[in-house]
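Peer 1: The structure's right below; bear with me while I get my questions together.
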Amino acid sequence: METIVTTEARRLALARAGLLKPEWTGLPKRATGRKLRARKAAHRIIRRFGYLQLDTVSIAGARSHAIVLLSRLEGFDHELAEALLRPQEPLFEYWGHEASWMPIELYPVFEFRRKAFRRHPWWGDLIGQHPNIAENLRQRIRDEGPIRSLDMEGAGSRGWWDLKLVKRVATALWSSGELAIRERRNFQRVYDLTERVIPDCWRQKGMSAPHAIEHLLVQALKGHGWASSGTLSQTWRLTNQKKNIRTALNRLVEKGEIVACTLLGDDSKKHPGWIRYGDLELAARLKRVRPRTDQGVLLSPFDPVLWARRRVQQLFAFDQVLEIFKPAPKRKYGYYCLPVLAGDRFAGRVDLKADGTADKLKVLSIRFEEGKVTGRANSNDHEAVRTALDRYAGALKLKLAGIRLR
């Protein structure tokens, strides 16, 4: 049984997430110059995690998937993030952590999920219950080409009577693998026949469920560094798979790919988990690293580092909350707060609202972690938040407005 302390696990998490210097992450730090170079840099980030989670909220001037890339790639064009999925690109859209863009080489791995989703997890056997709608949709796409959700209504709908039902059927056909997302236009899915989107070399392959689970657990560790069994399972939403996950972890130990590793918390508690052998050495070296605490970067609330809230509290002593669904009077921090990472700790969080027509990024609130008790934040935290806001506003080509740091 190997052991790791919180400082090692925290810095390893940031290194694997691409949030430390390139010599520790093995990932690019900038994406300037030609779009092809920027695309390749974005693909490397996505391959590290195995997914780029999608989200519709754009109040902060960019959607989550763009913010994830902006936080890691200086000079990245946030508009490019909206057009990463397109024909001939090595990505596909499917259910990963949530709806995500993933490296095309993972397409065969999700064969088990496409089979399971022939009965949609939310709506049951929707295709079987509405065979005529499903066949009409298949035929229309086959004859007329790719179709957006918006194009399913109006004069072109040819009398389809329940638009919401048609959209659900389209989602069910995509979830089961009959359709694929060809691209997104204005963030609207464009559906097409799978054989016209996914290359034969990937579509005709398949991976058994046991091997797929092994593959996904290793992929999750590549992005996390150290992680508990629960975090590994949640990374890919492997629900009701405890026995299969346990079996897969044991096989990976036997193969020498991973090792059981206990996290010794700052509270002296022991937390069981897993780590790849190569990351043990990296974690030990990172313990001696001193990241700059006066240079900050904004992270999406859906960043791969942040969505596992219990893990965030465990490694960073940071209470990550998302208050989108709370009524305004009950919000503590704001509607869509972006945490500010400074070195290997979170200095605070900011609530932002973009006004594209006025070319402004309004800072609605700034909350410092250091000043929660004393009411004062140190100068490093002030500078970290300032640099984070300047970098983000510059990436969006917006001028900062609202609250100002003195």
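Ordered as shown in the structure tokens, chains take letters A, B, and onward, while each chain numbers its residues from 1 and ligands are numbered from 1 in the order shown.
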Identify, on the basis of only C-alpha atoms, every residue whose closest approach to A:Ala83 does not exceed 9 Å; exclude the query and any residue fewer than 5 positions from it along the same chain; express the result as a PDB file with all heavy atoms, in the first residue's frame.

Peer 2:
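The resulting file, out_26.pdb, is shown below:
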ATOM      1  N   GLU A 183     -21.788  18.357 -35.858  1.00  0.00           N
ATOM      2  CA  GLU A 183     -21.159  19.601 -35.427  1.00  0.00           C
ATOM      3  C   GLU A 183     -22.185  20.369 -34.604  1.00  0.00           C
ATOM      4  O   GLU A 183     -23.314  19.908 -34.408  1.00  0.00           O
ATOM      5  CB  GLU A 183     -20.712  20.441 -36.636  1.00  0.00           C
ATOM      6  CG  GLU A 183     -21.856  20.810 -37.571  1.00  0.00           C
ATOM      7  CD  GLU A 183     -21.370  21.545 -38.811  1.00  0.00           C
ATOM      8  OE1 GLU A 183     -20.466  22.376 -38.674  1.00  0.00           O
ATOM      9  OE2 GLU A 183     -21.922  21.302 -39.897  1.00  0.00           O
ATOM     10  N   ARG A 184     -21.792  21.537 -34.144  1.00  0.00           N
ATOM     11  CA  ARG A 184     -22.733  22.431 -33.473  1.00  0.00           C
ATOM     12  C   ARG A 184     -22.712  23.771 -34.175  1.00  0.00           C
ATOM     13  O   ARG A 184     -21.649  24.284 -34.501  1.00  0.00           O
ATOM     14  CB  ARG A 184     -22.372  22.593 -31.994  1.00  0.00           C
ATOM     15  CG  ARG A 184     -22.740  21.365 -31.150  1.00  0.00           C
ATOM     16  CD  ARG A 184     -22.876  21.730 -29.714  1.00  0.00           C
ATOM     17  NE  ARG A 184     -23.253  20.582 -28.889  1.00  0.00           N
ATOM     18  CZ  ARG A 184     -24.233  20.601 -28.004  1.00  0.00           C
ATOM     19  NH1 ARG A 184     -24.964  21.692 -27.858  1.00  0.00           N
ATOM     20  NH2 ARG A 184     -24.502  19.540 -27.274  1.00  0.00           N
ATOM     21  N   ARG A 185     -23.907  24.323 -34.391  1.00  0.00           N
ATOM     22  CA  ARG A 185     -24.044  25.645 -34.992  1.00  0.00           C
ATOM     23  C   ARG A 185     -24.808  26.513 -34.010  1.00  0.00           C
ATOM     24  O   ARG A 185     -25.955  26.221 -33.681  1.00  0.00           O
ATOM     25  CB  ARG A 185     -24.800  25.578 -36.324  1.00  0.00           C
ATOM     26  CG  ARG A 185     -24.099  24.747 -37.400  1.00  0.00           C
ATOM     27  CD  ARG A 185     -24.956  24.630 -38.638  1.00  0.00           C
ATOM     28  NE  ARG A 185     -24.447  23.625 -39.560  1.00  0.00           N
ATOM     29  CZ  ARG A 185     -25.177  23.080 -40.537  1.00  0.00           C
ATOM     30  NH1 ARG A 185     -26.457  23.447 -40.697  1.00  0.00           N
ATOM     31  NH2 ARG A 185     -24.642  22.165 -41.323  1.00  0.00           N
ATOM     32  N   PHE A 187     -24.297  26.577 -31.042  1.00  0.00           N
ATOM     33  CA  PHE A 187     -24.433  25.612 -29.954  1.00  0.00           C
ATOM     34  C   PHE A 187     -25.626  24.668 -30.139  1.00  0.00           C
ATOM     35  O   PHE A 187     -25.970  23.914 -29.239  1.00  0.00           O
ATOM     36  CB  PHE A 187     -24.502  26.296 -28.590  1.00  0.00           C
ATOM     37  CG  PHE A 187     -24.018  25.394 -27.481  1.00  0.00           C
ATOM     38  CD1 PHE A 187     -22.714  24.948 -27.444  1.00  0.00           C
ATOM     39  CD2 PHE A 187     -24.883  24.985 -26.491  1.00  0.00           C
ATOM     40  CE1 PHE A 187     -22.274  24.097 -26.439  1.00  0.00           C
ATOM     41  CE2 PHE A 187     -24.454  24.147 -25.466  1.00  0.00           C
ATOM     42  CZ  PHE A 187     -23.138  23.699 -25.445  1.00  0.00           C
TER      43      PHE A 187
END

Peer 1: Compile the contact shell of stretch 40-42 of chain A as a ChimeraX atom specification: residues with an atom at most 10 Å away, counting only C-alpha atoms, same-chain residues fewer than 6 positions apart removed.

Peer 2: /A:27-32,52,66,68-70,72-73,76,80-81,84,89-90

Peer 1: Check the smallest atom-to-atom distance from each of A:Gly96, A:Gly206, A:Gly33, A:Gly50 to A:Lys115 using only C-alpha atoms, then report the winner.

Peer 2: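 Closest candidate: A:Gly206.
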
Peer 1: Please extract the residues of stretch 97-301 of chain A with a backbone DSSP assignment of strand (DSSP E or B) and present them as a ChimeraX atom specification.

Peer 2: /A:99-103,120,124,147-148,179-185,188-193,226-227,258-264,270-276,296-298

Peer 1: Would you put the residues from that selection into a file with C-alpha atoms, as an mmCIF file, in the first residue's frame?

Peer 2:
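again.cif, freshly written:
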data_model
loop_
_atom_site.group_PDB
_atom_site.id
_atom_site.type_symbol
_atom_site.label_atom_id
_atom_site.label_comp_id
_atom_site.auth_asym_id
_atom_site.auth_seq_id
_atom_site.Cartn_x
_atom_site.Cartn_y
_atom_site.Cartn_z
ATOM 1 C CA ALA A 99 -22.602 15.587 -22.599
ATOM 2 C CA SER A 100 -19.012 16.034 -23.750
ATOM 3 C CA TRP A 101 -16.645 16.253 -26.664
ATOM 4 C CA MET A 102 -14.237 13.334 -26.466
ATOM 5 C CA PRO A 103 -11.258 11.993 -28.436
ATOM 6 C CA HIS A 120 -33.036 5.807 -22.827
ATOM 7 C CA GLY A 124 -37.309 4.371 -21.415
ATOM 8 C CA ILE A 147 -30.550 18.415 -39.428
ATOM 9 C CA ARG A 148 -30.544 20.797 -36.457
ATOM 10 C CA LEU A 179 -27.362 9.045 -35.037
ATOM 11 C CA ALA A 180 -24.285 11.131 -34.269
ATOM 12 C CA ILE A 181 -23.627 14.833 -33.692
ATOM 13 C CA ARG A 182 -21.896 16.128 -36.799
ATOM 14 C CA GLU A 183 -21.159 19.601 -35.427
ATOM 15 C CA ARG A 184 -22.733 22.431 -33.473
ATOM 16 C CA ARG A 185 -24.044 25.645 -34.992
ATOM 17 C CA GLN A 188 -27.315 23.741 -31.616
ATOM 18 C CA ARG A 189 -26.672 20.053 -32.257
ATOM 19 C CA VAL A 190 -26.584 18.996 -35.889
ATOM 20 C CA TYR A 191 -27.692 15.366 -36.214
ATOM 21 C CA ASP A 192 -26.527 13.039 -38.975
ATOM 22 C CA LEU A 193 -26.335 9.315 -39.655
ATOM 23 C CA TRP A 226 -4.731 10.429 -7.332
ATOM 24 C CA ALA A 227 -8.427 9.623 -6.931
ATOM 25 C CA ILE A 258 -2.138 1.269 -11.063
ATOM 26 C CA VAL A 259 -1.562 0.804 -7.356
ATOM 27 C CA ALA A 260 -3.707 1.297 -4.277
ATOM 28 C CA CYS A 261 -2.669 4.526 -2.550
ATOM 29 C CA THR A 262 -3.859 6.032 0.734
ATOM 30 C CA LEU A 263 -4.164 9.798 1.057
ATOM 31 C CA LEU A 264 -2.996 11.002 4.464
ATOM 32 C CA LYS A 270 -6.732 8.116 5.840
ATOM 33 C CA HIS A 271 -8.561 8.101 2.515
ATOM 34 C CA PRO A 272 -8.235 5.054 0.226
ATOM 35 C CA GLY A 273 -7.625 5.659 -3.452
ATOM 36 C CA TRP A 274 -5.638 4.822 -6.559
ATOM 37 C CA ILE A 275 -2.742 6.193 -8.557
ATOM 38 C CA ARG A 276 -0.714 5.259 -11.625
ATOM 39 C CA GLY A 296 -4.149 33.833 -10.868
ATOM 40 C CA VAL A 297 -6.361 32.118 -13.406
ATOM 41 C CA LEU A 298 -10.150 31.771 -13.535
#

Peer 1: For the helix (DSSP H, G or I) assignment from backbone DSSP, which residues of stretch 166-378 of chain A qualify? Please present them as a ChimeraX atom specification.

Peer 2: /A:166-175,194-196,200-203,209-224,229-235,242-255,277-286,309-316,328-330,356-358,371-374

Peer 1: Can you tell me which residues surround A:Val305 at a distance of at most 8 Å, considering only C-alpha atoms, apart from same-chain residues fewer than 3 positions away, and format the answer as a VMD selection string?

Peer 2: chain A and resid 13 to 14 17 224 308 312

Peer 1: Export N, CA and C atoms of the chosen residues as a PDB file, in the first residue's frame?

Peer 2:
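Dumped to result-v4.pdb:
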ATOM      1  N   ALA A  13      -2.755  16.768  -8.828  1.00  0.00           N
ATOM      2  CA  ALA A  13      -4.033  17.032  -9.503  1.00  0.00           C
ATOM      3  C   ALA A  13      -3.896  18.207 -10.462  1.00  0.00           C
ATOM      4  N   LEU A  14      -3.213  19.262 -10.030  1.00  0.00           N
ATOM      5  CA  LEU A  14      -3.041  20.437 -10.883  1.00  0.00           C
ATOM      6  C   LEU A  14      -2.110  20.155 -12.050  1.00  0.00           C
ATOM      7  N   ALA A  17      -3.941  18.164 -14.521  1.00  0.00           N
ATOM      8  CA  ALA A  17      -5.008  18.981 -15.108  1.00  0.00           C
ATOM      9  C   ALA A  17      -4.474  20.057 -16.037  1.00  0.00           C
ATOM     10  N   HIS A 224      -6.848  12.950 -13.162  1.00  0.00           N
ATOM     11  CA  HIS A 224      -6.930  13.302 -11.743  1.00  0.00           C
ATOM     12  C   HIS A 224      -5.603  13.192 -11.006  1.00  0.00           C
ATOM     13  N   ALA A 308     -16.003  17.514  -8.642  1.00  0.00           N
ATOM     14  CA  ALA A 308     -16.096  16.598  -7.494  1.00  0.00           C
ATOM     15  C   ALA A 308     -15.914  17.417  -6.216  1.00  0.00           C
ATOM     16  N   VAL A 312     -12.601  18.450  -3.884  1.00  0.00           N
ATOM     17  CA  VAL A 312     -12.083  19.817  -3.831  1.00  0.00           C
ATOM     18  C   VAL A 312     -11.884  20.242  -2.382  1.00  0.00           C
TER      19      VAL A 312
END

Peer 1: If we count only C-alpha atoms, what is near stretch 384-396 of chain A at a cut-off of 9 Å, once residues fewer than 3 positions away on the same chain are taken out, given as number ranges by chain?

Peer 2: A: 61-62, 67, 70-71, 74-79, 293-298, 340-343, 347-350, 360-361, 363, 366, 368, 379-381, 399-400, 404-405

Peer 1: Restricting the output to C-alpha atoms, write the selected residues as a short mmCIF file (atom, residue, chain, number, x, y, z; two decimals), in the first residue's frame.

Peer 2:
data_model
loop_
_atom_site.label_atom_id
_atom_site.label_comp_id
_atom_site.auth_asym_id
_atom_site.auth_seq_id
_atom_site.Cartn_x
_atom_site.Cartn_y
_atom_site.Cartn_z
CA GLY A 61 -18.82 35.81 -21.86
CA ALA A 62 -17.85 32.23 -22.71
CA ILE A 67 -13.28 28.65 -20.15
CA LEU A 70 -8.79 29.51 -21.84
CA SER A 71 -7.56 28.69 -18.33
CA GLU A 74 -2.85 31.56 -23.12
CA GLY A 75 -3.80 33.27 -26.36
CA PHE A 76 -6.54 30.75 -27.19
CA ASP A 77 -9.45 32.17 -29.19
CA HIS A 78 -12.61 31.50 -27.18
CA GLU A 79 -14.70 31.46 -30.37
CA THR A 293 0.67 32.70 -5.58
CA ASP A 294 0.45 36.19 -7.09
CA GLN A 295 -0.55 34.99 -10.57
CA GLY A 296 -4.15 33.83 -10.87
CA VAL A 297 -6.36 32.12 -13.41
CA LEU A 298 -10.15 31.77 -13.53
CA VAL A 340 -9.55 31.99 -8.86
CA LEU A 341 -6.66 29.53 -8.71
CA ALA A 342 -3.45 31.10 -7.39
CA GLY A 343 -0.52 28.71 -7.33
CA ALA A 347 -7.62 32.75 -3.55
CA GLY A 348 -11.29 33.56 -4.05
CA ARG A 349 -14.10 33.66 -6.59
CA VAL A 350 -15.64 36.25 -8.89
CA LYS A 360 -17.66 45.11 -21.27
CA LEU A 361 -17.13 42.38 -18.70
CA VAL A 363 -17.44 42.25 -12.20
CA ILE A 366 -15.27 39.43 -5.61
CA PHE A 368 -11.56 36.36 -1.12
CA SER A 379 -1.61 41.40 -1.35
CA ASN A 380 -0.79 38.20 -3.22
CA ASP A 381 -4.47 37.28 -3.37
CA LYS A 399 -13.05 45.79 -20.94
CA LEU A 400 -13.42 45.21 -17.22
CA ARG A 404 -12.29 47.38 -9.11
CA LEU A 405 -9.36 46.11 -7.09
#

Peer 1: When you look at A:Ser64 with a cut-off of 8 Å (counting only C-alpha atoms), what residues show up, excluding the ones that are within fewer than 2 positions of it in the same chain? I need them as a list in words.

Peer 2: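 Here the qualifying residues turn out to be Gln53, Leu54, Asp55, Thr56, Val57, Ser58, Ala62, Ala66, Ile67, Val68, Ser300, Pro301, Phe302 and Asp303 of chain A.
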
Peer 1: Would you mind listing what lies within 9 Å of A:Ser208 as a short mmCIF file (atom, residue, chain, number, x, y, z; two decimals) with all heavy atoms, in the first residue's frame, with only C-alpha atoms counted and same-chain residues fewer than 3 positions away left out?

Peer 2:
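Once everything was written out, this is result_0.cif:
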data_model
loop_
_atom_site.label_atom_id
_atom_site.label_comp_id
_atom_site.auth_asym_id
_atom_site.auth_seq_id
_atom_site.Cartn_x
_atom_site.Cartn_y
_atom_site.Cartn_z
N VAL A 109 -14.92 2.52 -27.05
CA VAL A 109 -14.98 2.24 -25.61
C VAL A 109 -16.41 2.37 -25.09
O VAL A 109 -16.82 1.65 -24.18
CB VAL A 109 -14.04 3.19 -24.84
CG1 VAL A 109 -14.13 2.95 -23.34
CG2 VAL A 109 -12.60 3.02 -25.32
N GLU A 111 -19.18 1.56 -26.50
CA GLU A 111 -20.14 0.62 -27.08
C GLU A 111 -21.09 0.09 -26.02
O GLU A 111 -22.28 -0.07 -26.26
CB GLU A 111 -19.39 -0.54 -27.74
CG GLU A 111 -20.28 -1.60 -28.37
CD GLU A 111 -21.06 -1.10 -29.58
OE1 GLU A 111 -20.68 -0.04 -30.13
OE2 GLU A 111 -22.04 -1.76 -29.97
N PHE A 112 -20.59 -0.16 -24.81
CA PHE A 112 -21.44 -0.68 -23.74
C PHE A 112 -22.54 0.32 -23.38
O PHE A 112 -23.67 -0.07 -23.08
CB PHE A 112 -20.59 -1.02 -22.51
CG PHE A 112 -20.16 0.17 -21.68
CD1 PHE A 112 -20.86 0.52 -20.53
CD2 PHE A 112 -19.07 0.94 -22.05
CE1 PHE A 112 -20.47 1.61 -19.77
CE2 PHE A 112 -18.66 2.03 -21.29
CZ PHE A 112 -19.36 2.37 -20.14
N HIS A 211 -13.51 -4.55 -20.41
CA HIS A 211 -12.31 -3.86 -20.88
C HIS A 211 -12.56 -2.35 -20.99
O HIS A 211 -11.64 -1.54 -20.76
CB HIS A 211 -11.87 -4.42 -22.22
CG HIS A 211 -11.21 -5.76 -22.11
ND1 HIS A 211 -11.88 -6.93 -22.38
CD2 HIS A 211 -9.96 -6.12 -21.74
CE1 HIS A 211 -11.08 -7.96 -22.19
NE2 HIS A 211 -9.90 -7.50 -21.79
N ALA A 212 -13.78 -1.96 -21.35
CA ALA A 212 -14.11 -0.54 -21.45
C ALA A 212 -13.99 0.12 -20.08
O ALA A 212 -13.45 1.24 -19.96
CB ALA A 212 -15.51 -0.36 -22.01
N ILE A 213 -14.48 -0.53 -19.05
CA ILE A 213 -14.41 0.04 -17.71
C ILE A 213 -12.96 0.18 -17.27
O ILE A 213 -12.56 1.21 -16.70
CB ILE A 213 -15.22 -0.81 -16.72
CG1 ILE A 213 -16.72 -0.66 -17.02
CG2 ILE A 213 -14.94 -0.38 -15.27
CD1 ILE A 213 -17.61 -1.55 -16.20
#

Peer 1: Under the rule that only C-alpha atoms are counted, which of A:Glu2, A:Glu82, A:Glu8, A:Glu105 is the nearest residue to A:Arg285?

Peer 2: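 Smallest distance to A:Arg285 is found for A:Glu8.
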
Peer 1: For a quick check of understanding, using only C-alpha atoms, which of A:Gln234, A:Gln314, A:Thr239, A:Gln88 has the smallest distance to A:Pro121?

Peer 2: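 Result for the nearest residue to A:Pro121: A:Thr239.
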